[in-house]
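**Student:** Input structure: data-v8.cif, which contains mmCIF, C-alpha atoms.
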data_target
loop_
_atom_site.group_PDB
_atom_site.id
_atom_site.type_symbol
_atom_site.label_atom_id
_atom_site.label_comp_id
_atom_site.auth_asym_id
_atom_site.auth_seq_id
_atom_site.Cartn_x
_atom_site.Cartn_y
_atom_site.Cartn_z
ATOM 1 C CA MET A 1 0.000 0.000 0.000
ATOM 2 C CA LYS A 2 1.279 3.442 -0.959
ATOM 3 C CA GLU A 3 0.550 6.256 1.471
ATOM 4 C CA PRO A 4 -0.822 9.244 -0.478
ATOM 5 C CA ILE A 5 1.209 12.433 -0.615
ATOM 6 C CA PHE A 6 -1.920 14.099 0.746
ATOM 7 C CA THR A 7 -5.592 13.441 1.298
ATOM 8 C CA GLY A 8 -8.219 16.116 0.836
ATOM 9 C CA SER A 9 -8.049 19.172 -1.399
ATOM 10 C CA GLY A 10 -4.902 20.225 -3.199
ATOM 11 C CA VAL A 11 -5.215 23.588 -4.912
ATOM 12 C CA ALA A 12 -3.920 23.908 -8.455
ATOM 13 C CA ILE A 13 -2.869 27.419 -7.603
ATOM 14 C CA ILE A 14 -2.729 30.273 -10.088
ATOM 15 C CA THR A 15 0.443 32.298 -10.612
ATOM 16 C CA PRO A 16 -0.301 35.971 -9.842
ATOM 17 C CA MET A 17 1.430 38.543 -12.009
ATOM 18 C CA HIS A 18 2.175 42.252 -12.079
ATOM 19 C CA GLU A 19 0.857 44.323 -14.961
ATOM 20 C CA ASP A 20 4.184 43.803 -16.743
ATOM 21 C CA ARG A 21 3.501 40.057 -16.412
ATOM 22 C CA THR A 22 6.351 39.297 -14.042
ATOM 23 C CA ILE A 23 5.422 37.062 -11.101
ATOM 24 C CA ASN A 24 3.888 38.978 -8.201
ATOM 25 C CA TYR A 25 5.403 37.221 -5.194
ATOM 26 C CA GLU A 26 3.760 39.528 -2.662
ATOM 27 C CA ALA A 27 0.326 38.544 -3.960
ATOM 28 C CA PHE A 28 1.494 34.930 -4.216
ATOM 29 C CA ALA A 29 2.357 34.895 -0.500
ATOM 30 C CA LYS A 30 -1.102 36.223 0.379
ATOM 31 C CA MET A 31 -2.736 33.527 -1.760
ATOM 32 C CA LEU A 32 -0.706 30.789 -0.112
ATOM 33 C CA ASP A 33 -1.699 32.041 3.342
ATOM 34 C CA PHE A 34 -5.344 32.255 2.247
ATOM 35 C CA GLN A 35 -5.233 28.649 1.103
ATOM 36 C CA ILE A 36 -3.586 27.261 4.214
ATOM 37 C CA GLU A 37 -5.746 29.297 6.601
ATOM 38 C CA ASN A 38 -8.855 27.907 4.899
ATOM 39 C CA GLY A 39 -7.983 24.232 5.107
ATOM 40 C CA THR A 40 -6.305 23.446 1.803
ATOM 41 C CA ASP A 41 -4.366 20.227 2.247
ATOM 42 C CA ALA A 42 -1.655 20.678 -0.410
ATOM 43 C CA ILE A 43 -0.336 23.316 -2.799
ATOM 44 C CA VAL A 44 0.204 22.292 -6.418
ATOM 45 C CA VAL A 45 2.389 24.994 -7.915
ATOM 46 C CA VAL A 46 3.166 25.786 -11.576
ATOM 47 C CA GLY A 47 0.762 23.289 -13.020
ATOM 48 C CA THR A 48 -1.531 24.015 -15.968
ATOM 49 C CA THR A 49 -3.579 26.405 -13.835
ATOM 50 C CA GLY A 50 -0.349 28.154 -12.829
ATOM 51 C CA GLU A 51 0.411 28.982 -16.495
ATOM 52 C CA ALA A 52 3.545 26.833 -16.390
ATOM 53 C CA SER A 53 3.670 26.588 -20.170
ATOM 54 C CA THR A 54 4.281 30.341 -20.447
ATOM 55 C CA LEU A 55 6.930 30.596 -17.716
ATOM 56 C CA ASN A 56 10.584 30.505 -18.662
ATOM 57 C CA THR A 57 12.957 28.091 -16.944
ATOM 58 C CA ARG A 58 14.176 30.567 -14.353
ATOM 59 C CA GLU A 59 10.640 31.677 -13.469
ATOM 60 C CA HIS A 60 9.467 28.072 -13.190
ATOM 61 C CA ARG A 61 12.266 27.184 -10.787
ATOM 62 C CA ASP A 62 11.921 30.406 -8.802
ATOM 63 C CA ALA A 63 8.176 29.890 -8.329
ATOM 64 C CA ILE A 64 8.741 26.384 -6.985
ATOM 65 C CA LYS A 65 11.533 27.483 -4.661
ATOM 66 C CA PHE A 66 9.525 30.430 -3.355
ATOM 67 C CA THR A 67 6.493 28.253 -2.656
ATOM 68 C CA VAL A 68 8.478 25.606 -0.781
ATOM 69 C CA GLU A 69 10.237 28.198 1.341
ATOM 70 C CA TYR A 70 7.147 30.299 2.056
ATOM 71 C CA VAL A 71 4.861 27.362 2.851
ATOM 72 C CA ASN A 72 7.614 26.034 5.130
ATOM 73 C CA HIS A 73 6.127 22.556 5.662
ATOM 74 C CA ARG A 74 2.698 23.832 6.697
ATOM 75 C CA VAL A 75 1.203 21.610 3.977
ATOM 76 C CA PRO A 76 2.795 19.496 1.228
ATOM 77 C CA VAL A 77 4.009 21.325 -1.879
ATOM 78 C CA ILE A 78 3.780 19.489 -5.190
ATOM 79 C CA ALA A 79 5.587 20.943 -8.197
ATOM 80 C CA GLY A 80 4.392 20.694 -11.774
ATOM 81 C CA CYS A 81 7.353 19.459 -13.818
ATOM 82 C CA GLY A 82 5.727 17.701 -16.758
ATOM 83 C CA SER A 83 7.042 18.279 -20.255
ATOM 84 C CA ASN A 84 6.882 16.870 -23.754
ATOM 85 C CA ASN A 85 10.693 16.997 -23.704
ATOM 86 C CA THR A 86 11.680 14.230 -21.304
ATOM 87 C CA ALA A 87 15.233 15.435 -20.726
ATOM 88 C CA TYR A 88 14.120 19.008 -20.015
ATOM 89 C CA GLY A 89 11.349 17.842 -17.715
ATOM 90 C CA ILE A 90 13.747 15.690 -15.722
ATOM 91 C CA GLU A 91 16.104 18.658 -15.355
ATOM 92 C CA MET A 92 13.235 20.738 -13.952
ATOM 93 C CA ALA A 93 12.133 17.887 -11.679
ATOM 94 C CA ARG A 94 15.641 17.503 -10.278
ATOM 95 C CA SER A 95 15.687 21.205 -9.465
ATOM 96 C CA ALA A 96 12.332 20.872 -7.703
ATOM 97 C CA CYS A 97 13.642 17.923 -5.689
ATOM 98 C CA SER A 98 16.687 19.948 -4.664
ATOM 99 C CA TYR A 99 14.291 22.567 -3.229
ATOM 100 C CA ASP A 100 12.726 19.780 -1.139
ATOM 101 C CA VAL A 101 9.262 19.654 -2.660
ATOM 102 C CA ASP A 102 7.005 16.949 -1.274
ATOM 103 C CA GLY A 103 6.095 15.580 -4.671
ATOM 104 C CA LEU A 104 6.057 16.064 -8.430
ATOM 105 C CA LEU A 105 3.050 16.397 -10.747
ATOM 106 C CA LEU A 106 3.852 15.137 -14.247
ATOM 107 C CA VAL A 107 1.353 15.729 -17.018
ATOM 108 C CA THR A 108 1.477 13.372 -19.985
ATOM 109 C CA PRO A 109 3.618 14.664 -22.867
ATOM 110 C CA TYR A 110 1.434 16.940 -24.987
ATOM 111 C CA TYR A 111 1.446 17.276 -28.792
ATOM 112 C CA ASN A 112 3.987 14.448 -29.177
ATOM 113 C CA LYS A 113 1.174 12.032 -28.270
ATOM 114 C CA ALA A 114 3.492 9.299 -27.006
ATOM 115 C CA THR A 115 2.450 5.666 -27.308
ATOM 116 C CA GLN A 116 1.610 3.785 -24.128
ATOM 117 C CA LYS A 117 5.049 2.155 -24.381
ATOM 118 C CA GLY A 118 6.570 5.606 -24.694
ATOM 119 C CA LEU A 119 4.644 6.848 -21.650
ATOM 120 C CA ILE A 120 6.008 3.997 -19.560
ATOM 121 C CA SER A 121 9.564 4.776 -20.638
ATOM 122 C CA HIS A 122 9.055 8.519 -20.154
ATOM 123 C CA TYR A 123 7.781 8.164 -16.600
ATOM 124 C CA ARG A 124 10.284 5.483 -15.672
ATOM 125 C CA MET A 125 13.064 7.896 -16.640
ATOM 126 C CA TYR A 126 11.569 10.591 -14.396
ATOM 127 C CA HIS A 127 11.223 8.071 -11.595
ATOM 128 C CA ASP A 128 14.784 6.822 -11.822
ATOM 129 C CA ALA A 129 16.250 10.344 -12.036
ATOM 130 C CA THR A 130 14.462 11.807 -8.992
ATOM 131 C CA ASP A 131 13.867 10.972 -5.347
ATOM 132 C CA LYS A 132 10.387 12.344 -4.612
ATOM 133 C CA PRO A 133 6.907 10.806 -4.921
ATOM 134 C CA ILE A 134 5.281 11.329 -8.301
ATOM 135 C CA ILE A 135 1.676 12.028 -9.253
ATOM 136 C CA LEU A 136 0.929 11.331 -12.894
ATOM 137 C CA TYR A 137 -1.555 13.640 -14.595
ATOM 138 C CA ASN A 138 -3.983 12.336 -17.195
ATOM 139 C CA VAL A 139 -5.879 15.074 -19.035
ATOM 140 C CA PRO A 140 -6.492 13.909 -22.625
ATOM 141 C CA SER A 141 -8.555 16.971 -23.552
ATOM 142 C CA ARG A 142 -5.456 19.140 -23.079
ATOM 143 C CA THR A 143 -2.681 16.768 -24.173
ATOM 144 C CA GLY A 144 -4.194 14.593 -26.881
ATOM 145 C CA VAL A 145 -3.100 11.355 -25.205
ATOM 146 C CA ASN A 146 -4.917 9.107 -22.731
ATOM 147 C CA LEU A 147 -2.946 7.387 -19.970
ATOM 148 C CA LEU A 148 -4.667 4.009 -19.982
ATOM 149 C CA PRO A 149 -5.463 1.950 -16.870
ATOM 150 C CA GLU A 150 -3.219 -0.883 -18.061
ATOM 151 C CA THR A 151 -0.330 1.568 -18.435
ATOM 152 C CA LEU A 152 -0.961 2.939 -14.957
ATOM 153 C CA ALA A 153 -0.935 -0.611 -13.590
ATOM 154 C CA GLU A 154 2.546 -1.095 -15.042
ATOM 155 C CA LEU A 155 3.785 2.258 -13.738
ATOM 156 C CA ALA A 156 2.309 1.561 -10.294
ATOM 157 C CA LYS A 157 4.970 -1.118 -9.852
ATOM 158 C CA LEU A 158 7.554 1.661 -9.479
ATOM 159 C CA PRO A 159 7.890 2.577 -5.792
ATOM 160 C CA ARG A 160 7.741 6.372 -6.126
ATOM 161 C CA ILE A 161 4.832 6.494 -8.574
ATOM 162 C CA ASN A 162 2.401 7.556 -5.862
ATOM 163 C CA GLY A 163 -0.778 8.224 -7.781
ATOM 164 C CA VAL A 164 -2.644 9.799 -10.649
ATOM 165 C CA LYS A 165 -4.596 13.005 -11.096
ATOM 166 C CA GLU A 166 -7.434 11.706 -13.248
ATOM 167 C CA ALA A 167 -9.051 14.267 -15.536
ATOM 168 C CA SER A 168 -10.138 12.031 -18.385
ATOM 169 C CA GLY A 169 -13.749 12.676 -17.423
ATOM 170 C CA ASN A 170 -14.419 8.948 -17.831
ATOM 171 C CA ILE A 171 -15.562 7.499 -14.506
ATOM 172 C CA SER A 172 -15.541 3.975 -15.948
ATOM 173 C CA GLN A 173 -11.851 4.455 -16.696
ATOM 174 C CA VAL A 174 -11.216 5.712 -13.161
ATOM 175 C CA MET A 175 -12.913 2.630 -11.734
ATOM 176 C CA LYS A 176 -10.787 0.413 -13.974
ATOM 177 C CA VAL A 177 -7.660 2.127 -12.634
ATOM 178 C CA ARG A 178 -8.872 1.280 -9.146
ATOM 179 C CA ALA A 179 -9.605 -2.311 -10.159
ATOM 180 C CA LEU A 180 -6.189 -2.857 -11.753
ATOM 181 C CA CYS A 181 -4.032 -0.903 -9.304
ATOM 182 C CA GLY A 182 -5.815 -1.152 -5.965
ATOM 183 C CA ASP A 183 -3.834 0.419 -3.133
ATOM 184 C CA GLU A 184 -0.650 0.598 -5.210
ATOM 185 C CA LEU A 185 -1.816 3.786 -6.933
ATOM 186 C CA ASN A 186 -3.659 6.665 -5.270
ATOM 187 C CA ILE A 187 -6.265 8.544 -7.279
ATOM 188 C CA TRP A 188 -7.139 12.229 -7.132
ATOM 189 C CA SER A 189 -9.918 13.851 -9.114
ATOM 190 C CA GLY A 190 -8.673 16.315 -11.697
ATOM 191 C CA ASN A 191 -12.199 17.603 -12.375
ATOM 192 C CA ASP A 192 -13.990 19.571 -9.673
ATOM 193 C CA ASP A 193 -17.421 18.497 -10.890
ATOM 194 C CA GLN A 194 -16.533 14.820 -10.444
ATOM 195 C CA ILE A 195 -15.262 14.904 -6.861
ATOM 196 C CA PRO A 196 -17.969 12.606 -5.398
ATOM 197 C CA ALA A 197 -17.737 10.175 -8.325
ATOM 198 C CA VAL A 198 -13.949 9.839 -8.086
ATOM 199 C CA MET A 199 -14.127 9.528 -4.302
ATOM 200 C CA ALA A 200 -16.562 6.640 -4.826
ATOM 201 C CA CYS A 201 -13.856 4.974 -6.934
ATOM 202 C CA GLY A 202 -11.488 5.056 -3.974
ATOM 203 C CA GLY A 203 -10.156 8.572 -4.556
ATOM 204 C CA LYS A 204 -8.038 10.327 -1.963
ATOM 205 C CA GLY A 205 -9.220 13.818 -2.880
ATOM 206 C CA VAL A 206 -8.959 16.423 -5.609
ATOM 207 C CA ILE A 207 -6.402 18.673 -7.254
ATOM 208 C CA SER A 208 -8.714 21.595 -7.680
ATOM 209 C CA VAL A 209 -9.226 24.792 -9.651
ATOM 210 C CA LEU A 210 -12.308 25.661 -7.577
ATOM 211 C CA ALA A 211 -10.154 25.726 -4.433
ATOM 212 C CA ASN A 212 -8.481 28.925 -5.668
ATOM 213 C CA ILE A 213 -11.653 30.813 -4.747
ATOM 214 C CA CYS A 214 -13.397 28.369 -2.364
ATOM 215 C CA PRO A 215 -10.645 26.561 -0.468
ATOM 216 C CA LYS A 216 -12.643 25.757 2.671
ATOM 217 C CA GLU A 217 -15.657 24.510 0.780
ATOM 218 C CA THR A 218 -13.556 22.273 -1.473
ATOM 219 C CA HIS A 219 -11.675 20.861 1.526
ATOM 220 C CA ASP A 220 -14.906 20.263 3.429
ATOM 221 C CA MET A 221 -16.481 18.547 0.439
ATOM 222 C CA VAL A 222 -13.690 15.979 0.181
ATOM 223 C CA MET A 223 -13.384 15.471 3.917
ATOM 224 C CA ALA A 224 -17.113 14.792 4.176
ATOM 225 C CA TYR A 225 -16.634 11.766 1.965
ATOM 226 C CA LEU A 226 -13.470 10.636 3.730
ATOM 227 C CA ASN A 227 -15.224 10.991 7.098
ATOM 228 C CA GLY A 228 -18.055 8.697 6.091
ATOM 229 C CA GLU A 229 -20.601 11.237 4.871
ATOM 230 C CA PRO A 230 -20.792 10.616 1.108
ATOM 231 C CA GLN A 231 -24.241 12.189 0.808
ATOM 232 C CA LYS A 232 -22.957 15.417 2.327
ATOM 233 C CA CYS A 233 -20.112 15.439 -0.225
ATOM 234 C CA THR A 234 -22.593 14.916 -3.057
ATOM 235 C CA ASP A 235 -24.930 17.609 -1.745
ATOM 236 C CA MET A 236 -22.055 20.097 -1.492
ATOM 237 C CA MET A 237 -20.980 19.280 -5.021
ATOM 238 C CA ALA A 238 -24.496 19.911 -6.264
ATOM 239 C CA LYS A 239 -24.506 23.242 -4.438
ATOM 240 C CA TYR A 240 -21.205 24.379 -5.969
ATOM 241 C CA LEU A 241 -21.627 22.780 -9.400
ATOM 242 C CA GLU A 242 -22.615 25.981 -11.194
ATOM 243 C CA LEU A 243 -19.608 27.812 -9.753
ATOM 244 C CA ALA A 244 -17.216 24.988 -10.621
ATOM 245 C CA ASN A 245 -18.521 24.912 -14.185
ATOM 246 C CA ALA A 246 -18.358 28.709 -14.516
ATOM 247 C CA LEU A 247 -14.601 28.499 -13.945
ATOM 248 C CA PHE A 248 -14.390 26.609 -17.245
ATOM 249 C CA VAL A 249 -16.604 28.885 -19.334
ATOM 250 C CA GLU A 250 -13.373 29.571 -21.246
ATOM 251 C CA VAL A 251 -10.146 27.608 -21.252
ATOM 252 C CA ASN A 252 -8.507 27.205 -17.833
ATOM 253 C CA PRO A 253 -6.988 29.251 -16.202
ATOM 254 C CA ILE A 254 -8.587 32.283 -17.834
ATOM 255 C CA PRO A 255 -11.843 32.282 -15.814
ATOM 256 C CA VAL A 256 -10.317 31.429 -12.438
ATOM 257 C CA LYS A 257 -7.735 34.176 -12.755
ATOM 258 C CA VAL A 258 -10.447 36.652 -13.724
ATOM 259 C CA ALA A 259 -12.515 35.423 -10.763
ATOM 260 C CA CYS A 260 -9.597 35.958 -8.381
ATOM 261 C CA ASN A 261 -9.207 39.510 -9.670
ATOM 262 C CA MET A 262 -12.923 40.156 -9.197
ATOM 263 C CA MET A 263 -12.558 38.950 -5.605
ATOM 264 C CA GLY A 264 -9.670 41.368 -4.945
ATOM 265 C CA MET A 265 -6.836 38.840 -4.909
ATOM 266 C CA GLU A 266 -4.466 40.735 -7.236
ATOM 267 C CA ALA A 267 -4.108 37.833 -9.635
ATOM 268 C CA GLY A 268 -3.081 40.205 -12.402
ATOM 269 C CA PRO A 269 -3.097 39.567 -16.142
ATOM 270 C CA LEU A 270 -2.682 36.384 -18.126
ATOM 271 C CA ARG A 271 0.179 35.612 -20.462
ATOM 272 C CA MET A 272 -0.385 35.077 -24.150
ATOM 273 C CA PRO A 273 -1.664 33.017 -25.805
ATOM 274 C CA LEU A 274 -4.151 33.187 -22.925
ATOM 275 C CA CYS A 275 -6.140 36.378 -23.404
ATOM 276 C CA ASP A 276 -8.848 38.389 -21.677
ATOM 277 C CA MET A 277 -12.271 36.796 -21.441
ATOM 278 C CA THR A 278 -15.053 37.993 -23.698
ATOM 279 C CA ASP A 279 -17.364 40.636 -22.239
ATOM 280 C CA GLU A 280 -20.241 38.161 -22.310
ATOM 281 C CA HIS A 281 -18.352 35.519 -20.324
ATOM 282 C CA THR A 282 -16.968 38.144 -17.942
ATOM 283 C CA GLU A 283 -20.443 39.321 -17.021
ATOM 284 C CA TYR A 284 -21.677 35.754 -16.701
ATOM 285 C CA LEU A 285 -18.833 34.882 -14.344
ATOM 286 C CA ARG A 286 -19.418 38.047 -12.320
ATOM 287 C CA GLY A 287 -23.061 37.076 -11.934
ATOM 288 C CA VAL A 288 -22.203 33.569 -10.733
ATOM 289 C CA LEU A 289 -19.648 34.876 -8.228
ATOM 290 C CA ASP A 290 -22.231 37.340 -6.938
ATOM 291 C CA LYS A 291 -24.803 34.550 -6.606
ATOM 292 C CA TYR A 292 -22.371 32.665 -4.359
ATOM 293 C CA GLY A 293 -21.596 35.765 -2.294
ATOM 294 C CA LEU A 294 -17.957 35.948 -3.390
ATOM 295 C CA LEU A 295 -17.791 39.553 -4.556
ATOM 296 C CA LYS A 296 -16.761 42.289 -2.173
#
Take the structure in the file and give it back as C-alpha cells.

**Tutor:**
Amino acid sequence: MKEPIFTGSGVAIITPMHEDRTINYEAFAKMLDFQIENGTDAIVVVGTTGEASTLNTREHRDAIKFTVEYVNHRVPVIAGCGSNNTAYGIEMARSACSYDVDGLLLVTPYYNKATQKGLISHYRMYHDATDKPIILYNVPSRTGVNLLPETLAELAKLPRINGVKEASGNISQVMKVRALCGDELNIWSGNDDQIPAVMACGGKGVISVLANICPKETHDMVMAYLNGEPQKCTDMMAKYLELANALFVEVNPIPVKVACNMMGMEAGPLRMPLCDMTDEHTEYLRGVLDKYGLLK
C-alpha cells in the first residue's frame, strides 16, 4: 500500500502577475496564506492552472523554490514538472527535488502524443532520475493522449509512482484504474465536478481549480466523503456545481484568474496566448460569483 502524498483538497494554484507580467510574489504569499488558513491540504504549484507553459525556466524554478520556502512545511508542496521533452522535464524535476518539494506532478507529454510504451519509458526515466513521490496527470482533452489503466498498472509497480490526477472525465476508466491498481496507486480527481464520483472509486481527494476561490468549501467537500458522509459530499458538489462549471466557461486558467481579480486577490493579467475573457463571459462569471456571495 502506498501512502498518499496528501488526502483532501490540493489547490492547483494560479500564478499571480504584475501588470508587466512578471510574477507577483507579494500577492502569491497572500494567496498561499489564504489557502492554508482555509484548510487546503496541499499546494500544487506551476501546473496548468499556474500557467507553467508560459513561464521561462528561471521563473518556473523560482516559483517552486519560493512556494516551498514560504509554505515552510505547513502543507505538502507538489511541483508541476511535466514536459513533452523528457530530458528538459527531468532537469526541472531535479531542481524541484533539490528545493525539497514533497512531490512532483507530471502531465502526460502533450502534442507528441506518445504511445503507451513511450509513456512507460518517459515516466520510468523521471522516476529513476528523482527521489520524490510522483503524481501522474492524465488530461487527454489538453494533451491529446490518454494514460490508460493498463499503463498505470505497469507504472504503479515503481515505488515512487504515488498516484494519478485523473481528468479524463471517464468514470468507468477511473474505476478500472482502481480495479487494476488497488492500493498501489492513489487517485485524485482532476475535475472539480466529479469529486464525489472519483471519491466513490477510492479517490483520496482532488487537485482543484475551484479551491483557488473556495478553499474551505472544497476541503470540506472531500473530507465529508473521507469521514463517512458521502451524501454530504454529493450535496455540497451539487450546491457548488454551477460555480465549478463557470470556472471553465473559457479555457482554464482564464476564468479562475479573472474570478480571483474580481474577488480582490491581485491575480493580475494572463500571459499570451491566454487572453482576456469575452465581455459576455466576464459578465456571466461576475453574476455567478455574486450569486455565491464571493464579490466584495

**Student:** Can you pull out every residue within 10 Å of Ala211 in chain A, counting all atoms listed in the file, but drop anything in the same chain fewer than 5 positions away, and send it as a list of chain:residue names?

**Tutor:**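 My reading of the contact set: A:Ser9, A:Gly10, A:Val11, A:Ala12, A:Ile13, A:Gln35, A:Asn38, A:Gly39, A:Thr40, A:Asp192, A:Val206, A:Lys216, A:Glu217, A:Thr218, A:His219, A:Ala244, A:Val256.
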
**Student:** Asn138 in chain A: which residues within 8 Å, counting only C-alpha atoms, same-chain residues fewer than 3 positions away excluded, as an mmCIF file with C-alpha atoms, keeping the file's coordinate frame?

**Tutor:**
data_model
loop_
_atom_site.group_PDB
_atom_site.id
_atom_site.type_symbol
_atom_site.label_atom_id
_atom_site.label_comp_id
_atom_site.auth_asym_id
_atom_site.auth_seq_id
_atom_site.Cartn_x
_atom_site.Cartn_y
_atom_site.Cartn_z
ATOM 1 C CA VAL A 107 1.353 15.729 -17.018
ATOM 2 C CA THR A 108 1.477 13.372 -19.985
ATOM 3 C CA ASN A 146 -4.917 9.107 -22.731
ATOM 4 C CA LEU A 147 -2.946 7.387 -19.970
ATOM 5 C CA VAL A 164 -2.644 9.799 -10.649
ATOM 6 C CA LYS A 165 -4.596 13.005 -11.096
ATOM 7 C CA GLU A 166 -7.434 11.706 -13.248
ATOM 8 C CA ALA A 167 -9.051 14.267 -15.536
ATOM 9 C CA SER A 168 -10.138 12.031 -18.385
#

**Student:** Would you compute the distance between CA of Tyr25 in chain A and CA of Thr67 in chain A? Give it in Å to one decimal.

**Tutor:**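 Value for the CA of Tyr25 in chain A-CA of Thr67 in chain A distance: 9.4 Å.
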
**Student:** Hey, what comes out of the PyMOL selection byres ((chain A and resi 27) around 8) on this file? Could you write it as a tab-separated table (two decimals) with C-alpha atoms, in the coordinates of the input?

**Tutor:**
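Writing the result to selection-v4.tsv gives the following:
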chain	number	residue	atom	x	y	z
A	16	PRO	CA	-0.30	35.97	-9.84
A	24	ASN	CA	3.89	38.98	-8.20
A	25	TYR	CA	5.40	37.22	-5.19
A	26	GLU	CA	3.76	39.53	-2.66
A	28	PHE	CA	1.49	34.93	-4.22
A	29	ALA	CA	2.36	34.90	-0.50
A	30	LYS	CA	-1.10	36.22	0.38
A	31	MET	CA	-2.74	33.53	-1.76
A	265	MET	CA	-6.84	38.84	-4.91
A	266	GLU	CA	-4.47	40.74	-7.24
A	267	ALA	CA	-4.11	37.83	-9.64

**Student:** Can you work out the spacing between CA of Gly293 in chain A and CA of Ala259 in chain A in Å, to one decimal?

**Tutor:**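 Distance between the two atoms: 12.4 Å.
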
**Student:** I'd like the interatomic distance between CA of Val68 in chain A and CA of Asn162 in chain A, to a tenth of an Å.

**Tutor:**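 Pair CA of Val68 in chain A / CA of Asn162 in chain A returns 19.7 Å.
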
**Student:** Let me know the residues the PyMOL selection byres ((chain A and resi 111-127) around 10) catches in the file above, as number ranges by chain.

**Tutor:** A: 81-87, 89-91, 93-94, 104, 106-110, 128-134, 136, 140, 142-148, 150-152, 154-155, 158-161

**Student:** Considering all atoms listed in the file, return as a VMD selection string whatever protein or nucleic-acid residues lie within 8 Å of Lys65 in chain A, sequence-local ones (same chain, fewer than 4 positions apart) excluded.

**Tutor:** chain A and resid 61 69 96 99

**Student:** Hey, what comes out of the PyMOL selection byres ((chain A and resi 53) around 12) on this file? Could you write it as a list of chain:residue names?

**Tutor:**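 When the PyMOL selection byres ((chain A and resi 53) around 12) is applied to the shown file, the picked residues are A:Thr15, A:Val46, A:Gly47, A:Thr48, A:Thr49, A:Gly50, A:Glu51, A:Ala52, A:Thr54, A:Leu55, A:Asn56, A:Thr57, A:Glu59, A:His60, A:Gly80, A:Cys81, A:Gly82, A:Ser83, A:Asn84, A:Gly89, A:Val107, A:Tyr110, A:Pro253, A:Leu270, A:Arg271, A:Met272, A:Pro273, A:Leu274.
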
**Student:** Skip Tyr240 in chain A itself and residues of its chain fewer than 5 positions away, then list as a PyMOL selection string all residues within 9 Å of it, counting all atoms listed in the file.

**Tutor:** chain A and resi 193+217+235+245+292

**Student:** I'd like to know which of A:Ala42, A:Ile195, A:Cys181, A:Met262 is closest to Met237 in chain A, using only C-alpha atoms.

**Tutor:**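 Closest candidate: A:Ile195.
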
**Student:** So, with only C-alpha atoms as the atoms that count, which of A:Thr234, A:Ser95, A:Asn186, A:Ser141 lies closest to Cys201 in chain A?

**Tutor:**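 Smallest distance to Cys201 in chain A is found for A:Asn186.
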
**Student:** Nearest to Asp276 in chain A among A:Val44, A:Ala246, A:Val101, A:Val258, with distances taken over only C-alpha atoms: which residue is it?

**Tutor:** A:Val258

**Student:** Any idea what's packed within 10 Å of Pro149 in chain A, counting all atoms listed in the file, ignoring anything in its chain fewer than 4 positions away? Could you give it as a list of chain:residue names?

**Tutor:**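 Selected residues are A:Ala153, A:Glu154, A:Leu155, A:Gln173, A:Val174, A:Met175, A:Lys176, A:Val177, A:Arg178, A:Ala179, A:Leu180, A:Cys181.
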
**Student:** Select, from A:Ala63, A:Ile23, A:Met236, A:Ile213, the residue with the minimum atom-to-atom distance to Leu295 in chain A, counting all atoms listed in the file.

**Tutor:**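 Counting all atoms listed in the file, the residue closest to Leu295 in chain A is A:Ile213.
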
**Student:** Using all atoms listed in the file, pick whichever of A:Asp20, A:Glu3, A:Glu37, A:Asp220 has the shortest atom-to-atom distance to Lys232 in chain A.

**Tutor:**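 Among A:Asp20, A:Glu3, A:Glu37, A:Asp220, it is A:Asp220 that comes nearest to Lys232 in chain A.
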
**Student:** Can you work out which one of A:Phe6, A:Trp188, A:Phe248, A:Tyr284 has the shortest atom-to-atom distance to Ala200 in chain A, counting all atoms listed in the file?

**Tutor:**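 Of all the options, A:Trp188 lies closest to Ala200 in chain A.
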
**Student:** What are the centre and the three edge lengths of an axis-aligned box that wraps all atoms of range 1-12 of chain A in the file, given that 3 Å is added to every side, written as AutoDock Vina command-line options and rounded to one decimal in Å?

**Tutor:**
--center_x -3.5 --center_y 12.0 --center_z -3.5 --size_x 15.5 --size_y 29.9 --size_z 15.9
